[in-house]
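Visitor: First, the structure itself, so that you have it in front of you.
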Amino acid sequence: MSEHRLPRHVLPRHYTLELVPDLADHTFAGTVAIDLDVVEATDRIVLNAAELLIGEASIIVAGERSAIPVSVDEAAERLVLTPANGLRPGRARLEMAFTGELNDRLRGFYRSTLVDADGTERTIATTQFQSTDARRAFPCFDEPDMKASFGVTLVVPEDLLAVSNGAEVSRASLDNGTDRVVFADTIALSTYLVAFVVGPLEATDPIDVDGVPVRIIHRPGRADQTAFALEVAAHSLRWLADWYGIEVPGGKVDLVALPDFAFGAMENLGCITFREVLLLVDPASADQRELESVAAVVSHELAHLWFGDLVTMRWWNGIWLNEAFATFMEMKAVEAWRPEWDVWAGFGAARAAALDIDALASTRPIEYPVVTPADAESMFDLLTYEKGAGVVRMLEQFLGEEVFRDGVRRYLSAHLGGNTDNEDLWTALEEASDQPVGDLMHAWIFQGGFPVVEGTVEDGTCTLVQRRFRYDGMDDDGQWQVPVRIRTTAGEQRVLLGNSPIVLALEGTLVTLNAGADGFYRSELDVAPDPERLTAIERAMTVDDRWAATLGATHDPASFAGFANAWRNDPDLAVWQAVLRGLYTIDLVAPLRHPTTATEAAGLLGGMVERLGWEPSDAESDRTRQLRGILLVAAGTLADDPDIIGEARRRWSSRTSTDPAVDGAVVAIVASHGDAADRSECRHRFEDSATSQQEQRHLRALALFPGITEVEVLLGEIHQGTIRTQDAPFLIRSLLAHPRHRATAWRNLVDRWEDLNDRLPSNSIARMLEGIRALGADVDPDVDRFLDDHPVPQGALMVAQHRERRHVNIDLAARLDQA
């Protein structure tokens with residue numbers, strides 16, 4: 001067993017945990033009693049602890065209590081306890097007292113803040129334990145397969161709300177201004193799923209979802225923004241319970257909105273935590289993208305109650321399956337709730353981002369060895385979530401939806417309460433489908449990259465071959481079992497494409513090599529596509545395949561606008577998102593080419609912008625409203641259309657609001673052309689926002705202002721701490737791609753590197769560095785040298801991918817200069 005893994009001589013069965021947070025001093029004290037099974041005779045107990053001061057410790061065996069020495073290994077984040085006479089197989093109880101700090105790094109047991117109605121800053125004590133940070137809140141066996149039940153008690157100020165995984169059993173006054181709140185014992189859980197929150201918060205009245213009470217916990221004054229998420233939760237819980245064929249686990253569901261949160265949300269059983277913007281929303285002022293984000297994240301976390309909480313990966317190398325499957329299930333749940341949103345078409349943008357990373361030499365397999373906590377943290381990326389979900393979707397569509405669901409039900413029912421590996425799911429799916437699922441999936445999971453499927457049509461046949469697709473053009477002979485779904489005018493044909501070419505007799509005229517765009521592969525046909533016969537998602541994938549081939553130097557980048565011209569009248573959001581990804585990238589990497597890009601963009605956008613106008617009709621779909629928003633932004637920033645810019649300024653000044661998507665476009669356009677006065681107003685609107693969505697629109701817009709003074713002001717606000725640390729990395733990322741002042745942003749990052757690493761959430765550093773993709777060699781020829789000298793262990797693979805993708809952009813810029 002790896003030296004980073006705990007020994008298995010002693011296993012936890014139940015934790016009795018009591019915590020006393022001091023929100024004024026930002027500290028906490030606690031006691032933990034762990035009921036143990038001693039499975040092998042041993043002279044020591046080894047468990048995890050980090051950033052805790054351990055007090056007294058004792059061991060109880062057969063009713064006899066004795067003190068036990070504690071040795072702390074800070075580097076390994078471990079405690080080693082050595083009973084005087086060792087331990088024999090049987091039962092034991094370990095008791096410890098400890099203290100710690102409510103940190104401001106958004107991990108472990110940490111502090112968040114809010115400002116109440118009278119302007120007073122208030123503190124919230126909350127948790128984020130995934131992957132390996134439960135050990136920062138209490139001593140524990142902090143590995144996912146060392147499951148145990150938890151009995152949590154919190155001693156809190158009498159005027160504060162307290163929630164945890166279990167339902168509240170009792171709340172009793174201690175006559176000193178505090179209450180002792182006892183929660184029901186949980187089912188067996190991995191430590192990373194334990195949670196507790198204490199603060200000046202409010203709870204909605206519970207809604208009953210087939211016997212399960214569901215509430216939203218929120219800051220005061222935001223109760224009017226909870227109805228949408230409650231509706232989503234009620235639908236998704238019922239839909240998921242039916243799909244899985246298992247009742248909702250845990251007994252209750254609290255959805256907790258937090259002002260400071262490093263992730264999007266966290267699936268703690270019964271106490272799911274969220275960024276506010278992904279839970280609280282006013283449908284009247286939010287656009288379709290913002291509403292879909294809330295619906296997707298709520299559904300994603302609820303999907304985990306079964307796939308992740310009830311049945312859990314054995315070790316962190318398997319986290320991809322938890323997250324990929326929850327991403328896949330969020331799409332299915334939202335699709336069932338709002339079919340008009342066409343969420344699988346929307347997923348095309350996320351899949352395109354994963355394909356973009358996976359086309360690099362520095363990509364990684366979906367699953368790879370995880371040894372250290374930093375390795376575990378680095379798993380949370382596009383390849384785990386979006387590529388993983390794309391591969392799961394491809395498998396489902398190949399096996400058939402009913403067969404796939406039956407296999408998942410077999411898997412869950414066979415492993416309830418336990419821990420699993422990939423092979424357990426593949427075995428269940430093979431039993432349900434009579435297909436070699438394990439063999440089919442092996443290369444997709446354990447080999448990085450993906451294929452391009454090439455089709456040659458001749459005399460009523462199509463010859464299919466595959467090769468690995470990489471931007472650098474290298475072919476390492478990687479091969480996959482590719483479940484190809486071809487659509488012709490006569491229907492669909494399916495084939496499993498392996499190492500050898502396949503000649504397929506076509507039953508009609510070939511329409512696409514990737515029916516439904518569900519395959520995680522690129523496709524190339526030797527015949528031009530017919531847009532009239534393609535679905536919206538297939539049209540979007542066709543555009544995206546062309547852009548990928550352009551980045552791979554198969555096509556002249558200067559010809560992309562001409563190719564996109566064939567889609568200039570397309571009415572679908574996903575198609576235009578694919579077109580604009582290409583145009584924005586050209587503008588990003590070749591800013592001196594902007595006049596040419598602006599002219600090309602104006603020609604492409606003009607017809608649709610004129611057709612849609614500024615005012616939505618009552619009959620319009622949400623996706624059409626969202627399309628209007630992104631086209632207005634492109635017309636006002638990419639095409640620099642003076643009429644669009646002028647109308648945006650008029651609406652900004654008059655605060656005219658006709659549609660949330662238009663409102664968002666106005667903010668982006670004005671900021672992109674704004675001056676100091678506009679910046680001051682934008683900052684004021686950010687501070688005065690009534691919803692998290694309005695707040696985020698104006699906050700992100702602060703990085704768009706063109707002037708150097710406005711860029712430097714924002715950098716100053718980040719370093720002074722007036723921007724929340726959960727948001728700062730994403731603003732820095734945007735500034736690194738600033739049209740005029742990315743060099744200033746980069747120099748500032750270099751100068752402030754140590755401070756940023758000390759203050760910002762550790763999981764955000766690699767995400768912040770995504771902005772380096774925009775840095776040309778003219779900005780700083782030593783970008784790579786700096787990153788060599790300043791590694792990011794918890795995101796090393798992600799940073800390597802950003803660096804390689806930067807060079808893809810540098811090559812693209814050089815090719816544009818030659819055009």
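By order in the structure tokens, chains are A, B, ...; within a chain, residues start at 1; ligands start at 1, following the order shown.
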Excluding Ile68 in chain A and any residue of its chain fewer than 5 positions from it, enumerate the residues within 10 Å of it, using only C-alpha atoms, and give them as JSON, numbers by chain.
Guide: {"A": [44, 56, 57, 58, 59, 60, 80, 81, 82, 83, 84, 94, 95, 96]}
Visitor: Out of range 669-760 of chain A, which residues get alpha helix (DSSP H) from DSSP, as a PyMOL selection string?
Guide: chain A and resi 669-672+676-687+692-701+708-720+728-736+742-751+753-759
Visitor: Please identify the strand (DSSP E or B) residues within range 467-663 of chain A (assignment by DSSP from backbone atoms) and present them as a PyMOL selection string.
Guide: chain A and resi 467-468+482-488+491-497+502-505+510-512+522-525
Visitor: Find the residues around Pro739 in chain A up to 9 Å (only C-alpha atoms counted), leave out those fewer than 5 positions away in its own chain, and share them as JSON, numbers by chain.
Guide: {"A": [587, 588, 591, 704, 706]}
Visitor: For CA of Pro249 in chain A and CA of Ser190 in chain A, quote the distance in Å rounded to one decimal.
Guide: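 Interatomic distance, CA of Pro249 in chain A to CA of Ser190 in chain A: 14.4 Å.
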Visitor: Excluding same-chain residues fewer than 5 positions from Leu154 in chain A, what lies within 7 Å of it counting only C-alpha atoms, as a PyMOL selection string?
Guide: chain A and resi 18-20+180-182
Visitor: Between A:Gln225, A:Asp25, A:Ser413, A:Gly270, which one has atoms that come closest to Phe183 in chain A, using only C-alpha atoms?
Guide: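 The shortest atom-to-atom distance to Phe183 in chain A comes from A:Gly270.
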Visitor: Fewer than 3 positions away in the same chain doesn't count, so skip those; otherwise give me all residues within 10 Å of Asp459 in chain A, counting only C-alpha atoms, as a list in words.
Guide: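 Close residues of Asp459 in chain A: Cys462, Ala505 and Leu506 of chain A.
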Visitor: Between A:Arg364, A:Thr488, A:Arg767, A:Glu804, which residue has the minimum interatomic distance to Asp530 in chain A, considering only C-alpha atoms?
Guide: A:Thr488
Visitor: Hey, what's within 7 Å of range 759-764 of chain A if we count only C-alpha atoms and toss same-chain stuff fewer than 6 positions away? As a list in words, please?
Guide: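 Counting only the stated atoms, we get Arg105, Leu106, Ala262, Glu377, Thr725 and Pro729 of chain A.
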Visitor: Got time to write the residues from that selection, all heavy atoms, as a short mmCIF file (atom, residue, chain, number, x, y, z; two decimals), in the first residue's frame?
Guide:
data_model
loop_
_atom_site.label_atom_id
_atom_site.label_comp_id
_atom_site.auth_asym_id
_atom_site.auth_seq_id
_atom_site.Cartn_x
_atom_site.Cartn_y
_atom_site.Cartn_z
N ARG A 105 -9.14 30.28 3.94
CA ARG A 105 -8.70 29.70 2.68
C ARG A 105 -9.80 28.87 1.99
O ARG A 105 -9.55 28.19 1.00
CB ARG A 105 -7.47 28.81 2.91
CG ARG A 105 -6.24 29.55 3.39
CD ARG A 105 -5.69 30.51 2.35
NE ARG A 105 -5.41 29.87 1.09
CZ ARG A 105 -4.29 29.17 0.83
NH1 ARG A 105 -3.37 29.02 1.76
NH2 ARG A 105 -4.10 28.64 -0.35
N LEU A 106 -11.00 28.91 2.52
CA LEU A 106 -12.16 28.25 1.92
C LEU A 106 -11.99 26.74 1.85
O LEU A 106 -12.49 26.08 0.93
CB LEU A 106 -12.47 28.81 0.52
CG LEU A 106 -12.54 30.34 0.37
CD1 LEU A 106 -13.12 30.72 -0.99
CD2 LEU A 106 -13.33 31.00 1.48
N ALA A 262 -15.23 27.96 -2.56
CA ALA A 262 -14.18 27.80 -3.56
C ALA A 262 -14.65 27.01 -4.78
O ALA A 262 -14.13 27.20 -5.88
CB ALA A 262 -12.96 27.13 -2.94
N GLU A 377 -6.53 16.72 -5.72
CA GLU A 377 -7.10 18.04 -6.02
C GLU A 377 -7.03 18.32 -7.51
O GLU A 377 -7.92 18.99 -8.06
CB GLU A 377 -6.34 19.11 -5.23
CG GLU A 377 -6.98 20.47 -5.28
CD GLU A 377 -6.38 21.45 -4.29
OE1 GLU A 377 -5.85 21.01 -3.25
OE2 GLU A 377 -6.46 22.67 -4.56
N THR A 725 -12.06 36.34 -2.33
CA THR A 725 -11.05 35.45 -2.87
C THR A 725 -11.65 34.37 -3.77
O THR A 725 -10.93 33.80 -4.60
CB THR A 725 -10.26 34.77 -1.74
OG1 THR A 725 -11.15 34.06 -0.88
CG2 THR A 725 -9.48 35.80 -0.94
N PRO A 729 -9.54 35.02 -8.60
CA PRO A 729 -8.80 34.30 -9.65
C PRO A 729 -9.41 34.44 -11.03
O PRO A 729 -8.68 34.48 -12.03
CB PRO A 729 -8.86 32.84 -9.17
CG PRO A 729 -9.13 32.92 -7.70
CD PRO A 729 -9.98 34.13 -7.52
#
Visitor: Nearest to Pro283 in chain A among A:Ser653, A:Thr509, A:Glu231, A:Gly221, with distances taken over only C-alpha atoms: which residue is it?
Guide: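 Nearest to Pro283 in chain A: A:Glu231.
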Visitor: Can you tell me which residues surround range 380-394 of chain A at a distance of at most 9 Å, considering only C-alpha atoms, apart from same-chain residues fewer than 5 positions away, and format the answer as a ChimeraX atom specification?
Guide: /A:319-329,347,350-355,357-358,363-367,399,441,444-445,483,518-520,763,798
Visitor: Which value, in Å to one decimal, gives the distance between CA of Cys140 in chain A and CA of Glu423 in chain A?
Guide: 28.4 Å
Visitor: A:Ala428, A:Val61, A:Trp316, A:Ile537: which is nearest Val370 in chain A, counting only C-alpha atoms?
Guide: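 Closest to Val370 in chain A, using only C-alpha atoms: A:Trp316.
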Visitor: Record the distance separating CA of Pro339 in chain A and CA of Glu401 in chain A, expressed in Å with one decimal.
Guide: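 Rounded to one decimal, the two atoms are 16.7 Å apart.
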